[in-house]
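Raw contents of final_3.cif, mmCIF, C-alpha atoms:
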data_protein
loop_
_atom_site.label_atom_id
_atom_site.label_comp_id
_atom_site.auth_asym_id
_atom_site.auth_seq_id
_atom_site.Cartn_x
_atom_site.Cartn_y
_atom_site.Cartn_z
CA MET A 1 101.45 92.52 98.67
CA GLU A 2 102.79 89.36 97.05
CA LYS A 3 105.90 87.32 97.69
CA MET A 4 108.41 86.45 95.00
CA ALA A 5 109.90 82.94 94.88
CA ASN A 6 112.92 84.05 96.91
CA GLY A 7 110.82 85.77 99.58
CA LEU A 8 111.31 89.33 98.35
CA GLU A 9 108.44 91.72 98.95
CA LYS A 10 106.82 93.01 95.77
CA VAL A 11 104.26 95.79 95.60
CA SER A 12 102.49 95.98 92.18
CA GLY A 13 103.90 94.67 88.93
CA LEU A 14 106.77 97.04 88.12
CA SER A 15 110.08 95.21 87.97
CA MET A 16 113.13 97.29 87.09
CA PHE A 17 115.49 94.37 87.62
CA SER A 18 115.13 90.65 87.16
CA GLU A 19 114.61 88.39 90.14
CA GLU A 20 118.00 86.83 89.42
CA GLU A 21 119.77 90.21 89.56
CA LEU A 22 118.38 90.97 93.03
CA ARG A 23 118.27 87.43 94.43
CA GLU A 24 121.18 87.67 96.88
CA MET A 25 120.84 91.34 97.87
CA SER A 26 119.73 92.24 101.39
CA GLY A 27 116.67 94.31 102.21
CA VAL A 28 115.16 94.32 98.72
CA LYS A 29 111.69 95.80 98.24
CA LEU A 30 110.05 96.41 94.86
CA LEU A 31 107.57 99.28 94.75
CA ASP A 32 105.66 101.13 92.04
CA ASP A 33 108.33 103.64 91.10
CA TYR A 34 111.52 102.45 92.76
CA VAL A 35 113.54 99.52 94.09
CA GLU A 36 114.84 99.70 97.65
CA VAL A 37 117.83 97.83 99.08
CA THR A 38 119.94 97.99 102.22
CA CYS A 39 123.12 100.01 101.71
CA GLY A 40 125.93 101.52 103.73
CA CYS A 41 129.20 103.42 103.76
CA THR A 42 132.19 102.65 105.96
CA SER A 43 134.36 105.21 107.72
CA HIS A 44 137.63 104.04 109.25
CA ARG A 45 136.92 106.37 112.14
CA TYR A 46 133.17 105.96 112.73
CA GLY A 47 132.48 102.53 111.30
CA ASP A 48 129.48 101.59 109.16
CA ALA A 49 126.65 104.02 108.41
CA VAL A 50 123.65 102.03 107.18
CA GLY A 51 120.77 103.26 105.07
CA ARG A 52 118.17 102.32 102.46
CA LEU A 53 119.01 103.04 98.84
CA ARG A 54 116.11 103.79 96.51
CA VAL A 55 116.71 103.33 92.78
CA PHE A 56 114.17 105.08 90.55
CA LEU A 57 113.37 104.22 86.94
CA ASN A 58 114.37 107.75 85.85
CA GLY A 59 117.91 107.13 87.14
CA TYR A 60 117.55 109.12 90.36
CA LEU A 61 119.18 107.65 93.47
CA GLN A 62 118.02 108.48 97.00
CA ILE A 63 119.24 107.23 100.38
CA ILE A 64 117.32 107.17 103.65
CA CYS A 65 119.94 107.20 106.40
CA GLU A 66 119.60 104.85 109.39
CA CYS A 67 123.10 105.35 110.82
CA THR A 68 121.73 105.87 114.35
CA PRO A 69 118.27 105.62 115.92
CA GLY A 70 116.46 108.86 115.32
CA CYS A 71 118.77 110.14 112.56
CA GLN A 72 116.89 112.92 110.77
CA GLU A 73 118.85 112.71 107.51
CA ASP A 74 116.62 111.35 104.78
CA LYS A 75 116.33 111.68 101.02
CA LEU A 76 120.09 112.15 100.66
CA THR A 77 121.98 111.96 97.39
CA PRO A 78 124.70 109.28 97.35
CA ALA A 79 127.37 112.00 97.59
CA ALA A 80 125.63 113.59 100.60
CA PHE A 81 125.26 110.20 102.30
CA GLU A 82 128.95 109.50 101.71
CA LYS A 83 129.85 112.78 103.43
CA HIS A 84 127.32 112.21 106.25
CA SER A 85 128.88 108.82 106.98
CA GLY A 86 132.24 110.45 107.67
CA ARG A 87 133.97 108.63 104.83
CA GLU A 88 137.53 109.93 104.55
CA THR A 89 137.84 109.70 100.72
CA ALA A 90 134.95 111.72 99.32
CA ARG A 91 133.70 112.03 95.73
CA LYS A 92 133.96 108.29 95.16
CA TRP A 93 130.48 107.27 96.23
CA LYS A 94 130.10 104.63 93.52
CA ASN A 95 132.99 102.77 95.14
CA ASN A 96 132.47 103.75 98.78
CA ILE A 97 128.75 103.03 99.10
CA TRP A 98 128.03 99.32 99.30
CA VAL A 99 125.14 96.89 99.33
CA ILE A 100 125.02 93.44 100.90
CA VAL A 101 125.23 90.60 98.37
CA ASN A 102 125.47 87.05 99.65
CA GLY A 103 126.43 88.44 103.05
CA GLU A 104 129.34 90.48 101.65
CA LYS A 105 129.73 94.23 101.16
CA VAL A 106 129.85 94.94 97.42
CA PRO A 107 130.59 98.42 95.99
CA LEU A 108 127.61 99.97 94.22
CA CYS A 109 129.61 100.23 90.99
CA LYS A 110 129.90 96.44 90.85
CA THR A 111 126.13 95.84 90.97
CA VAL A 112 123.27 96.29 88.51
CA LEU A 113 121.76 99.06 90.64
CA LEU A 114 123.47 101.84 88.68
CA LYS A 115 122.06 100.64 85.36
CA TYR A 116 119.39 103.34 85.04
CA TYR A 117 121.56 106.04 86.60
CA ASN A 118 124.33 105.38 84.06
CA GLN A 119 121.91 105.29 81.14
CA VAL A 120 120.31 108.61 82.04
CA SER A 121 123.63 110.29 82.81
CA LYS A 122 125.14 109.13 79.53
CA ALA A 123 122.15 110.32 77.51
CA ALA A 124 122.00 113.67 79.31
CA ASN A 125 125.70 114.33 78.92
CA SER A 126 125.54 113.46 75.24
CA SER A 127 122.51 115.60 74.44
CA GLN A 128 123.77 118.67 76.30
CA ARG A 129 127.25 118.95 74.82
CA SER A 130 128.05 122.00 72.73
CA GLN A 131 130.14 121.96 69.57
CA ASN A 132 133.41 122.05 71.48
CA GLY A 133 132.33 119.00 73.49
CA ARG A 134 131.66 120.72 76.83
CA VAL A 135 128.43 120.62 78.76
CA GLY A 136 126.63 123.96 78.72
CA HIS A 137 126.63 124.69 82.44
CA ARG A 138 128.93 127.32 83.88
CA ASP A 139 130.21 127.31 87.46
CA GLU A 140 127.93 128.90 90.06
CA PHE A 141 128.54 130.29 93.54
CA VAL A 142 126.64 129.83 96.80
CA ARG A 143 127.14 132.06 99.84
CA CYS A 144 127.81 130.49 103.24
CA THR A 145 125.31 131.55 105.90
CA ARG A 146 128.00 131.50 108.59
CA CYS A 147 131.05 133.25 107.12
CA ASN A 148 129.29 135.06 104.25
CA LYS A 149 131.89 133.79 101.76
CA GLU A 150 130.88 132.52 98.33
CA ARG A 151 131.99 129.04 97.28
CA ARG A 152 132.32 127.69 93.74
CA PHE A 153 130.20 124.81 92.44
CA ARG A 154 131.18 122.99 89.24
CA LEU A 155 128.16 121.82 87.23
CA ARG A 156 129.55 119.36 84.70
CA SER A 157 127.54 116.30 85.73
CA LYS A 158 124.13 115.45 87.16
CA ASP A 159 125.70 114.71 90.55
CA GLU A 160 127.37 118.13 90.66
CA CYS A 161 124.15 119.85 89.56
CA ARG A 162 122.25 118.06 92.34
CA ILE A 163 124.76 119.16 94.96
CA HIS A 164 124.42 122.78 93.82
CA HIS A 165 120.64 122.49 93.58
CA ASP A 166 120.35 121.24 97.16
CA ALA A 167 122.78 123.90 98.44
CA VAL A 168 120.70 126.69 96.89
CA ALA A 169 117.54 125.20 98.38
CA ASP A 170 119.11 125.02 101.87
CA ALA A 171 118.47 128.30 103.69
CA ASN A 172 121.20 127.39 106.21
CA TRP A 173 123.87 126.15 103.81
CA LYS A 174 127.44 126.43 105.11
CA CYS A 175 130.95 125.71 103.82
CA SER A 176 131.27 122.42 105.70
CA ASP A 177 128.23 121.04 103.85
CA LEU A 178 130.25 120.63 100.65
CA PRO A 179 130.56 116.86 100.05
CA TYR A 180 133.95 117.39 98.39
CA ASP A 181 136.86 119.87 98.56
CA LYS A 182 137.20 120.00 102.33
CA ILE A 183 136.48 123.70 102.85
CA THR A 184 135.80 125.43 106.14
CA CYS A 185 134.73 128.95 106.96
CA ASP A 186 138.38 129.69 107.81
CA ASP A 187 139.47 129.20 104.19
CA GLU A 188 139.91 132.30 102.08
CA GLU A 189 137.25 133.25 99.59
CA GLU A 190 138.20 132.84 95.94
CA ARG A 191 139.83 135.96 94.53
CA GLY A 192 137.83 138.19 92.24
CA SER A 193 140.36 137.78 89.46
CA ARG A 194 139.75 134.01 89.57
CA ARG A 195 135.97 134.20 89.96
CA VAL A 196 135.49 135.65 86.47
CA TYR A 197 136.52 132.29 84.99
CA ARG A 198 133.36 130.20 85.16
CA GLY A 199 133.88 127.54 82.51
CA CYS A 200 132.14 129.02 79.46
CA GLY A 201 133.25 127.23 76.30
CA ARG A 202 132.77 130.35 74.19
CA SER A 203 134.73 132.86 76.25
CA PRO A 204 136.79 132.21 79.45
CA THR A 205 135.59 135.45 81.10
CA CYS A 206 132.00 135.28 79.82
CA LYS A 207 129.42 136.86 82.16
CA GLY A 208 126.66 134.58 80.93
CA CYS A 209 125.51 133.57 77.44
CA THR A 210 123.42 130.94 75.67
CA SER A 211 126.48 128.67 75.57
CA CYS A 212 126.98 128.45 79.32
CA VAL A 213 123.65 129.33 80.99
CA CYS A 214 121.12 126.49 80.94
CA PHE A 215 117.39 127.02 81.46
CA GLY A 216 116.64 123.43 82.36
CA CYS A 217 117.78 120.07 80.96
CA ASP A 218 118.03 116.40 81.95
CA ILE A 219 121.20 117.13 83.90
CA CYS A 220 119.98 120.02 86.05
CA ARG A 221 116.29 119.17 86.47
CA PHE A 222 115.11 116.74 89.14
CA SER A 223 111.72 115.05 89.11
CA ASP A 224 111.52 114.91 92.91
CA CYS A 225 111.73 118.71 93.26
CA SER A 226 108.87 121.07 92.40
CA CYS A 227 111.21 123.87 91.31
CA GLN A 228 112.18 121.81 88.24
CA THR A 229 115.34 123.80 87.63
CA CYS A 230 118.68 124.62 89.22
CA THR A 231 117.54 128.10 90.31
CA ASP A 232 120.50 130.26 89.32
CA PHE A 233 120.33 128.97 85.76
CA THR A 234 117.23 131.04 85.18
CA SER A 235 119.09 134.30 85.63
CA ASN A 236 119.24 136.75 82.77
CA VAL A 237 121.47 135.81 79.87
CA ARG A 238 123.94 138.44 78.88
CA ALA A 239 125.41 138.66 75.43
#
What would you get if you wrote out this structure as structure tokens?
Amino acid sequence: MEKMANGLEKVSGLSMFSEEELREMSGVKLLDDYVEVTCGCTSHRYGDAVGRLRVFLNGYLQIICECTPGCQEDKLTPAAFEKHSGRETARKWKNNIWVIVNGEKVPLCKTVLLKYYNQVSKAANSSQRSQNGRVGHRDEFVRCTRCNKERRFRLRSKDECRIHHDAVADANWKCSDLPYDKITCDDEEERGSRRVYRGCGRSPTCKGCTSCVCFGCDICRFSDCSCQTCTDFTSNVRA
């Protein structure tokens, strides 16, 4: 392991950011396939939840939570970490999650750390748009293991696809795990007449076609998961 001029630890030669860009950030470590920095999210009720943000070259963001000694939450998405921290205003993780720069808390959106995430998201969104300008992913539903009610997941962005992906992979997923739309098991299940509308750009009540069912793209595939697809997308396509 070598030391950079400013004392940062560097493992191998990969440098995703310049030394100048990371100079004043706290907890910086440069490794083969990602950069790690200290991060956190503040709840007015619970205070600061601290973690370690890992920024990968492929644009993927991962947070290891260290909110309390012995916390078992690791490899969280930014949205999941935001929810875990108890932050009152969810779905704004780019603003709510911060890093320490020059001793001050700076929102993630005001740093260079989202550079690769934004590049990948922009390219993926552009390449996956259909002729009417909408991304070809319809809404999907996941059933709560506690109340047995199905909840809707919008899949218009990589963040939303990741949330759905992790929910499907969680054998104990429950309503309260949604990082947005504060839903509990006491809330009514969506009516059948509303469920038929799943966001297909070809037909509002489509049951599944090549315009709204994706079989794997840059938005819904994740390099850190062996399944390599957002499960439900591989269901049969109906005309």
- prompt: Using all atoms listed in the file, which of the listed residues (A:Leu30, A:Leu155, A:Ile219, A:Leu76) sits closest to Cys200 of chain A?
  reply: A:Leu155
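Within the file as shown, the PyMOL selection byres ((chain A and resi 56-62) around 8) identifies Met16, Asp33, Tyr34, Val35, Leu53, Arg54, Val55, Ile63, Ile64, Lys75, Leu76, Thr77, Pro78, Leu114, Lys115, Tyr116, Tyr117, Asn118, Gln119, Val120 and Ser121 of chain A.
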Expected file: the selected residues, C-alpha atoms, as a short mmCIF file (atom, residue, chain, number, x, y, z; two decimals), in the coordinates of the input:
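Written file, again_6.cif:
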data_model
loop_
_atom_site.label_atom_id
_atom_site.label_comp_id
_atom_site.auth_asym_id
_atom_site.auth_seq_id
_atom_site.Cartn_x
_atom_site.Cartn_y
_atom_site.Cartn_z
CA MET A 16 113.13 97.29 87.09
CA ASP A 33 108.33 103.64 91.10
CA TYR A 34 111.52 102.45 92.76
CA VAL A 35 113.54 99.52 94.09
CA LEU A 53 119.01 103.04 98.84
CA ARG A 54 116.11 103.79 96.51
CA VAL A 55 116.71 103.33 92.78
CA ILE A 63 119.24 107.23 100.38
CA ILE A 64 117.32 107.17 103.65
CA LYS A 75 116.33 111.68 101.02
CA LEU A 76 120.09 112.15 100.66
CA THR A 77 121.98 111.96 97.39
CA PRO A 78 124.70 109.28 97.35
CA LEU A 114 123.47 101.84 88.68
CA LYS A 115 122.06 100.64 85.36
CA TYR A 116 119.39 103.34 85.04
CA TYR A 117 121.56 106.04 86.60
CA ASN A 118 124.33 105.38 84.06
CA GLN A 119 121.91 105.29 81.14
CA VAL A 120 120.31 108.61 82.04
CA SER A 121 123.63 110.29 82.81
#
- prompt: If we count only C-alpha atoms, what is near segment 157-173 of chain A at a cut-off of 6 Å, once residues fewer than 6 positions away on the same chain are taken out, given as a list in words?
  reply: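 So the residues in contact are Cys144, Thr145, Ile219, Cys220 and Cys230 of chain A.
Here atom CA of Val196 of chain A stands at a distance of 25.4 Å from atom CA of Arg91 of chain A.
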- request: Please provide as a list of chain:residue names all residues within 10 Å of Tyr197 of chain A, with the sequence filter that same-chain residues fewer than 3 positions apart are discarded (counting all atoms listed in the file).
  value: A:Arg138, A:Asp139, A:Gly192, A:Ser193, A:Arg194, A:Cys200, A:Ser203, A:Pro204, A:Thr205, A:Cys206, A:Lys207
message: Show me, as a PyMOL selection string, the residues that have an atom within 12 Å of Gly103 of chain A when counting all atoms listed in the file, minus same-chain residues fewer than 5 positions from it.
response: chain A and resi 23-27+38+98
Separation of atom CA of Val28 of chain A from atom CA of Ala79 of chain A, in Å and rounded to one decimal: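 Between atom CA of Val28 of chain A and atom CA of Ala79 of chain A the gap is 21.5 Å.
Atom CA of Leu22 of chain A is positioned 23.0 Å from atom CA of Glu82 of chain A.
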Return the padded bounding box of segment 70-73 of chain A as JSON: axis-aligned, built from all atoms listed in the file, 8 Å added on each side, with centre and edge lengths in Å to one decimal.
{"center_x": 117.7, "center_y": 110.9, "center_z": 111.4, "size_x": 18.4, "size_y": 20.1, "size_z": 23.8}
query: If you apply the PyMOL selection byres ((chain A and resi 184) around 12) to this file, what residues do you get, as a list in words?
result: Cys144, Arg146, Cys147, Asn148, Lys149, Glu150, Arg151, Lys174, Cys175, Ser176, Asp177, Leu178, Pro179, Tyr180, Asp181, Lys182, Ile183, Cys185, Asp186, Asp187, Glu188 and Glu189 of chain A
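Of the residues under consideration (A:Ser211, A:Thr111, A:Asn95, A:Thr68), A:Thr111 shows the shortest atom-to-atom contact distance to Val37 of chain A when counting only C-alpha atoms.
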Please rebuild segment 14-40 of chain A with N, CA, C and O atoms and return the result as a CSV table (one decimal), in the coordinates of the input.
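Saved to result.csv:
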chain,number,residue,atom,x,y,z
A,14,LEU,N,105.6,96.4,88.7
A,14,LEU,CA,106.8,97.0,88.1
A,14,LEU,C,108.0,96.3,88.6
A,14,LEU,O,108.3,96.2,89.8
A,15,SER,N,108.8,95.9,87.6
A,15,SER,CA,110.1,95.2,88.0
A,15,SER,C,111.2,95.8,87.1
A,15,SER,O,111.3,95.6,85.9
A,16,MET,N,112.0,96.6,87.8
A,16,MET,CA,113.1,97.3,87.1
A,16,MET,C,114.3,96.3,86.9
A,16,MET,O,115.1,96.5,86.0
A,17,PHE,N,114.4,95.3,87.7
A,17,PHE,CA,115.5,94.4,87.6
A,17,PHE,C,114.9,93.0,87.7
A,17,PHE,O,113.8,92.8,88.2
A,18,SER,N,115.6,92.0,87.1
A,18,SER,CA,115.1,90.6,87.2
A,18,SER,C,115.3,90.1,88.6
A,18,SER,O,116.1,90.6,89.4
A,19,GLU,N,114.5,89.0,88.8
A,19,GLU,CA,114.6,88.4,90.1
A,19,GLU,C,116.0,87.9,90.4
A,19,GLU,O,116.5,87.9,91.5
A,20,GLU,N,116.6,87.4,89.3
A,20,GLU,CA,118.0,86.8,89.4
A,20,GLU,C,119.0,87.9,89.8
A,20,GLU,O,119.9,87.7,90.6
A,21,GLU,N,118.8,89.1,89.3
A,21,GLU,CA,119.8,90.2,89.6
A,21,GLU,C,119.7,90.6,91.0
A,21,GLU,O,120.7,91.1,91.6
A,22,LEU,N,118.6,90.5,91.6
A,22,LEU,CA,118.4,91.0,93.0
A,22,LEU,C,118.4,89.8,94.0
A,22,LEU,O,118.2,90.1,95.2
A,23,ARG,N,118.5,88.6,93.6
A,23,ARG,CA,118.3,87.4,94.4
A,23,ARG,C,119.1,87.5,95.7
A,23,ARG,O,118.5,87.2,96.8
A,24,GLU,N,120.3,87.8,95.7
A,24,GLU,CA,121.2,87.7,96.9
A,24,GLU,C,121.4,89.0,97.6
A,24,GLU,O,122.2,89.1,98.6
A,25,MET,N,120.7,90.1,97.2
A,25,MET,CA,120.8,91.3,97.9
A,25,MET,C,120.0,91.4,99.1
A,25,MET,O,118.9,90.9,99.2
A,26,SER,N,120.5,92.1,100.1
A,26,SER,CA,119.7,92.2,101.4
A,26,SER,C,118.8,93.4,101.4
A,26,SER,O,119.1,94.5,100.8
A,27,GLY,N,117.6,93.2,102.0
A,27,GLY,CA,116.7,94.3,102.2
A,27,GLY,C,115.9,94.8,101.0
A,27,GLY,O,115.5,95.9,100.9
A,28,VAL,N,115.8,93.9,100.0
A,28,VAL,CA,115.2,94.3,98.7
A,28,VAL,C,113.6,94.5,98.8
A,28,VAL,O,113.0,93.6,99.4
A,29,LYS,N,113.1,95.6,98.4
A,29,LYS,CA,111.7,95.8,98.2
A,29,LYS,C,111.4,96.4,96.9
A,29,LYS,O,112.1,97.3,96.5
A,30,LEU,N,110.4,95.9,96.2
A,30,LEU,CA,110.0,96.4,94.9
A,30,LEU,C,108.7,97.2,95.0
A,30,LEU,O,107.7,96.6,95.4
A,31,LEU,N,108.8,98.5,94.7
A,31,LEU,CA,107.6,99.3,94.8
A,31,LEU,C,107.2,99.8,93.4
A,31,LEU,O,107.9,99.6,92.4
A,32,ASP,N,106.2,100.6,93.3
A,32,ASP,CA,105.7,101.1,92.0
A,32,ASP,C,106.7,101.9,91.2
A,32,ASP,O,106.8,101.6,90.0
A,33,ASP,N,107.4,102.8,91.9
A,33,ASP,CA,108.3,103.6,91.1
A,33,ASP,C,109.8,103.5,91.5
A,33,ASP,O,110.6,104.3,91.0
A,34,TYR,N,110.1,102.6,92.4
A,34,TYR,CA,111.5,102.4,92.8
A,34,TYR,C,111.8,101.1,93.4
A,34,TYR,O,110.9,100.4,93.8
A,35,VAL,N,113.1,100.7,93.4
A,35,VAL,CA,113.5,99.5,94.1
A,35,VAL,C,114.4,100.0,95.3
A,35,VAL,O,115.2,100.9,95.2
A,36,GLU,N,114.1,99.3,96.4
A,36,GLU,CA,114.8,99.7,97.6
A,36,GLU,C,115.7,98.5,98.1
A,36,GLU,O,115.2,97.4,98.1
A,37,VAL,N,116.9,98.8,98.5
A,37,VAL,CA,117.8,97.8,99.1
A,37,VAL,C,118.6,98.4,100.3
A,37,VAL,O,118.7,99.6,100.4
A,38,THR,N,119.1,97.5,101.1
A,38,THR,CA,119.9,98.0,102.2
A,38,THR,C,121.3,98.4,101.7
A,38,THR,O,121.9,97.7,100.8
A,39,CYS,N,121.8,99.5,102.2
A,39,CYS,CA,123.1,100.0,101.7
A,39,CYS,C,123.9,100.5,102.9
A,39,CYS,O,123.4,100.6,104.0
A,40,GLY,N,125.1,101.0,102.7
A,40,GLY,CA,125.9,101.5,103.7
A,40,GLY,C,127.2,102.2,103.2
A,40,GLY,O,127.5,102.0,102.0
